[in-house]
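Colleague: One structure, as structure tokens, below. Some questions next.
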Amino acid sequence: MNNERIKKIQRNVRKIISDFVIEELPDKDNIFGIINISDIILSPDWKYLDIKVSSFKNSELLCKTLAKYAHIIQRYIWKKIALRITPRVRFRYDNSGEISSWVNKIISEIEEEIK
């Protein structure tokens, strides 16, 4: 499969999911705060679409909540993008922000000890 086509599909899926989160997800602001879609990965066989998400509040609940709407998001994708196979949507929690904060904290502590 053409790499440019996969990137285009991933960009379109990001837009569809962003629109869904903004327009359709109930009480998103009160429960989760800001929601970040950090990465979208289409499996080589096109059967799965892994979406990495994170939020400022209730991060552990975010993936579970979005998973409840996965079938609706799959329908959105099917309607908006012409694909032979509509991949199964899976949400994965992205903890890279927490890891980078932890690493920065350790680096700051080391720098303080060196001074």
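We name chains A, B, ... following the order of the structure tokens; residues begin at 1 in each chain, and ligands are numbered from 1 as shown.
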Which neighbours of Arg11 of chain A fall inside 10 Å, counting only C-alpha atoms, when residues of the same chain fewer than 5 positions from it are skipped, and could you give them as a ChimeraX atom specification?
Modeller: /A:5-6,16,39-40
Colleague: The selected residues should be written to file as a PDB file, in the first residue's frame (atoms: N, CA and C atoms).
Modeller:
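Just written: part.pdb:
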```pdb
ATOM      1  N   ARG A   5      -0.916   7.294   0.798  1.00  0.00           N
ATOM      2  CA  ARG A   5      -2.354   6.991   0.989  1.00  0.00           C
ATOM      3  C   ARG A   5      -2.641   6.698   2.463  1.00  0.00           C
ATOM      4  N   ILE A   6      -1.770   5.941   3.101  1.00  0.00           N
ATOM      5  CA  ILE A   6      -1.957   5.636   4.521  1.00  0.00           C
ATOM      6  C   ILE A   6      -1.904   6.909   5.349  1.00  0.00           C
ATOM      7  N   ILE A  16     -11.897  13.237  11.663  1.00  0.00           N
ATOM      8  CA  ILE A  16     -13.191  12.651  11.996  1.00  0.00           C
ATOM      9  C   ILE A  16     -13.316  12.456  13.505  1.00  0.00           C
ATOM     10  N   ASP A  39      -1.588  10.107  18.234  1.00  0.00           N
ATOM     11  CA  ASP A  39      -1.140   9.305  17.097  1.00  0.00           C
ATOM     12  C   ASP A  39      -2.273   8.410  16.621  1.00  0.00           C
ATOM     13  N   ILE A  40      -2.238   8.126  15.339  1.00  0.00           N
ATOM     14  CA  ILE A  40      -3.192   7.205  14.728  1.00  0.00           C
ATOM     15  C   ILE A  40      -2.382   6.216  13.908  1.00  0.00           C
TER      16      ILE A  40
END
```
Colleague: Taking 5 positions as the minimum chain separation for residues in the same chain, which residues sit within 8 Å of Ile37 of chain A when counting only C-alpha atoms? Answer as JSON, numbers by chain.
Modeller: {"A": [14, 18, 51, 52, 53, 54]}
Colleague: Provide the atom CA of Val13 of chain A to atom CA of Leu83 of chain A distance in Å, to one decimal place.
Modeller: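 Between atom CA of Val13 of chain A and atom CA of Leu83 of chain A the gap works out to 11.7 Å.
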Colleague: Rounded to one decimal, what separation in Å do you get between atom CA of Ser96 of chain A and atom CA of Leu61 of chain A?
Modeller: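 Interatomic distance, atom CA of Ser96 of chain A to atom CA of Leu61 of chain A: 16.8 Å.
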Colleague: I need the residues in chain A that are strand (DSSP E or B) according to DSSP; give them as a PyMOL selection string.
Modeller: chain A and resi 35-42+48-55+88-93
Colleague: I need the chosen residues saved as an mmCIF file, in the first residue's frame, with N, CA and C atoms.
Modeller:
```cif
data_model
loop_
_atom_site.group_PDB
_atom_site.id
_atom_site.type_symbol
_atom_site.label_atom_id
_atom_site.label_comp_id
_atom_site.auth_asym_id
_atom_site.auth_seq_id
_atom_site.Cartn_x
_atom_site.Cartn_y
_atom_site.Cartn_z
ATOM 1 N N ILE A 35 -8.524 17.016 25.570
ATOM 2 C CA ILE A 35 -8.250 15.678 25.046
ATOM 3 C C ILE A 35 -7.270 15.811 23.892
ATOM 4 N N ASN A 36 -6.218 14.996 23.922
ATOM 5 C CA ASN A 36 -5.190 15.032 22.895
ATOM 6 C C ASN A 36 -5.196 13.714 22.123
ATOM 7 N N ILE A 37 -5.269 13.805 20.809
ATOM 8 C CA ILE A 37 -5.103 12.635 19.945
ATOM 9 C C ILE A 37 -3.668 12.700 19.444
ATOM 10 N N SER A 38 -2.798 11.885 20.032
ATOM 11 C CA SER A 38 -1.376 12.011 19.746
ATOM 12 C C SER A 38 -0.911 11.210 18.536
ATOM 13 N N ASP A 39 -1.588 10.107 18.234
ATOM 14 C CA ASP A 39 -1.140 9.305 17.097
ATOM 15 C C ASP A 39 -2.273 8.410 16.621
ATOM 16 N N ILE A 40 -2.238 8.126 15.339
ATOM 17 C CA ILE A 40 -3.192 7.205 14.728
ATOM 18 C C ILE A 40 -2.382 6.216 13.908
ATOM 19 N N ILE A 41 -2.569 4.933 14.194
ATOM 20 C CA ILE A 41 -1.774 3.900 13.541
ATOM 21 C C ILE A 41 -2.721 2.908 12.868
ATOM 22 N N LEU A 42 -2.608 2.810 11.561
ATOM 23 C CA LEU A 42 -3.385 1.852 10.786
ATOM 24 C C LEU A 42 -2.554 0.587 10.627
ATOM 25 N N TYR A 48 -7.219 -2.951 11.908
ATOM 26 C CA TYR A 48 -7.275 -2.204 13.166
ATOM 27 C C TYR A 48 -6.748 -0.796 12.978
ATOM 28 N N LEU A 49 -7.374 0.104 13.694
ATOM 29 C CA LEU A 49 -6.955 1.494 13.720
ATOM 30 C C LEU A 49 -6.743 1.850 15.187
ATOM 31 N N ASP A 50 -5.480 1.928 15.596
ATOM 32 C CA ASP A 50 -5.151 2.254 16.985
ATOM 33 C C ASP A 50 -5.012 3.761 17.113
ATOM 34 N N ILE A 51 -5.763 4.307 18.050
ATOM 35 C CA ILE A 51 -5.777 5.745 18.272
ATOM 36 C C ILE A 51 -5.243 6.007 19.664
ATOM 37 N N LYS A 52 -4.122 6.724 19.730
ATOM 38 C CA LYS A 52 -3.504 7.041 21.021
ATOM 39 C C LYS A 52 -4.037 8.374 21.510
ATOM 40 N N VAL A 53 -4.605 8.346 22.716
ATOM 41 C CA VAL A 53 -5.229 9.540 23.285
ATOM 42 C C VAL A 53 -4.733 9.778 24.707
ATOM 43 N N SER A 54 -4.856 11.012 25.137
ATOM 44 C CA SER A 54 -4.552 11.365 26.525
ATOM 45 C C SER A 54 -5.400 12.575 26.901
ATOM 46 N N SER A 55 -5.485 12.827 28.205
ATOM 47 C CA SER A 55 -6.242 13.986 28.689
ATOM 48 C C SER A 55 -5.616 14.468 29.986
ATOM 49 N N ARG A 88 -11.339 -1.777 12.534
ATOM 50 C CA ARG A 88 -11.888 -1.748 13.890
ATOM 51 C C ARG A 88 -11.103 -0.711 14.697
ATOM 52 N N VAL A 89 -11.811 0.197 15.323
ATOM 53 C CA VAL A 89 -11.189 1.284 16.076
ATOM 54 C C VAL A 89 -10.871 0.807 17.485
ATOM 55 N N ARG A 90 -9.619 1.036 17.890
ATOM 56 C CA ARG A 90 -9.197 0.719 19.263
ATOM 57 C C ARG A 90 -8.512 1.951 19.832
ATOM 58 N N PHE A 91 -8.846 2.258 21.070
ATOM 59 C CA PHE A 91 -8.242 3.407 21.733
ATOM 60 C C PHE A 91 -7.171 2.931 22.693
ATOM 61 N N ARG A 92 -6.032 3.598 22.648
ATOM 62 C CA ARG A 92 -4.898 3.289 23.511
ATOM 63 C C ARG A 92 -4.509 4.558 24.266
ATOM 64 N N TYR A 93 -4.229 4.395 25.541
ATOM 65 C CA TYR A 93 -3.813 5.534 26.345
ATOM 66 C C TYR A 93 -2.363 5.872 26.036
#
```
Colleague: Nearest to Asp19 of chain A: which of A:Ile73, A:Lys47, A:Lys79, A:Glu111 is it, counting only C-alpha atoms?
Modeller: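 Among the listed residues, the smallest separation from Asp19 of chain A belongs to A:Ile73.
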Colleague: Extract the full set of helix (DSSP H, G or I) residues from segment 27-108 of chain A according to DSSP on the backbone, and format it as a VMD selection string.
Modeller: chain A and resid 28 to 32 59 to 68 70 to 80 96 to 108
Colleague: Include C-alpha atoms and write out the residues we just selected as an mmCIF file, in the first residue's frame.
Modeller:
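And here is the file that came out, result.cif:
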```cif
data_model
loop_
_atom_site.group_PDB
_atom_site.id
_atom_site.type_symbol
_atom_site.label_atom_id
_atom_site.label_comp_id
_atom_site.auth_asym_id
_atom_site.auth_seq_id
_atom_site.Cartn_x
_atom_site.Cartn_y
_atom_site.Cartn_z
ATOM 1 C CA LYS A 28 -16.118 15.996 27.614
ATOM 2 C CA ASP A 29 -14.951 19.296 29.117
ATOM 3 C CA ASN A 30 -16.073 18.572 32.655
ATOM 4 C CA ILE A 31 -14.814 15.000 32.809
ATOM 5 C CA PHE A 32 -11.574 15.039 30.804
ATOM 6 C CA SER A 59 -6.944 9.811 31.807
ATOM 7 C CA GLU A 60 -7.638 6.203 32.725
ATOM 8 C CA LEU A 61 -11.357 6.691 32.053
ATOM 9 C CA LEU A 62 -10.841 8.322 28.648
ATOM 10 C CA CYS A 63 -10.069 5.155 26.662
ATOM 11 C CA LYS A 64 -12.958 3.280 28.265
ATOM 12 C CA THR A 65 -15.360 6.091 27.464
ATOM 13 C CA LEU A 66 -14.188 6.426 23.875
ATOM 14 C CA ALA A 67 -14.323 2.650 23.422
ATOM 15 C CA LYS A 68 -18.067 2.828 24.102
ATOM 16 C CA ALA A 70 -15.991 3.047 18.820
ATOM 17 C CA HIS A 71 -18.764 1.599 16.667
ATOM 18 C CA ILE A 72 -20.172 5.085 16.021
ATOM 19 C CA ILE A 73 -16.727 6.367 15.089
ATOM 20 C CA GLN A 74 -16.263 3.384 12.756
ATOM 21 C CA ARG A 75 -19.524 4.359 11.013
ATOM 22 C CA TYR A 76 -18.328 7.971 10.731
ATOM 23 C CA ILE A 77 -15.121 6.738 9.112
ATOM 24 C CA TRP A 78 -17.031 4.455 6.751
ATOM 25 C CA LYS A 79 -19.317 7.312 5.656
ATOM 26 C CA LYS A 80 -16.568 9.891 5.196
ATOM 27 C CA SER A 96 4.268 9.843 26.711
ATOM 28 C CA GLY A 97 3.394 13.199 28.315
ATOM 29 C CA GLU A 98 3.699 11.705 31.787
ATOM 30 C CA ILE A 99 6.964 10.000 30.887
ATOM 31 C CA SER A 100 8.470 13.199 29.488
ATOM 32 C CA SER A 101 7.422 15.117 32.612
ATOM 33 C CA TRP A 102 9.036 12.443 34.778
ATOM 34 C CA VAL A 103 12.268 12.537 32.726
ATOM 35 C CA ASN A 104 12.366 16.348 32.865
ATOM 36 C CA LYS A 105 11.901 16.230 36.635
ATOM 37 C CA ILE A 106 14.817 13.792 37.016
ATOM 38 C CA ILE A 107 17.037 15.902 34.754
ATOM 39 C CA SER A 108 16.178 19.011 36.780
#
```
Colleague: Could you work out how far atom CA of Val21 of chain A lies from atom CA of Thr86 of chain A, giving the answer in Å with one decimal?
Modeller: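 These two atoms are separated by 19.5 Å.
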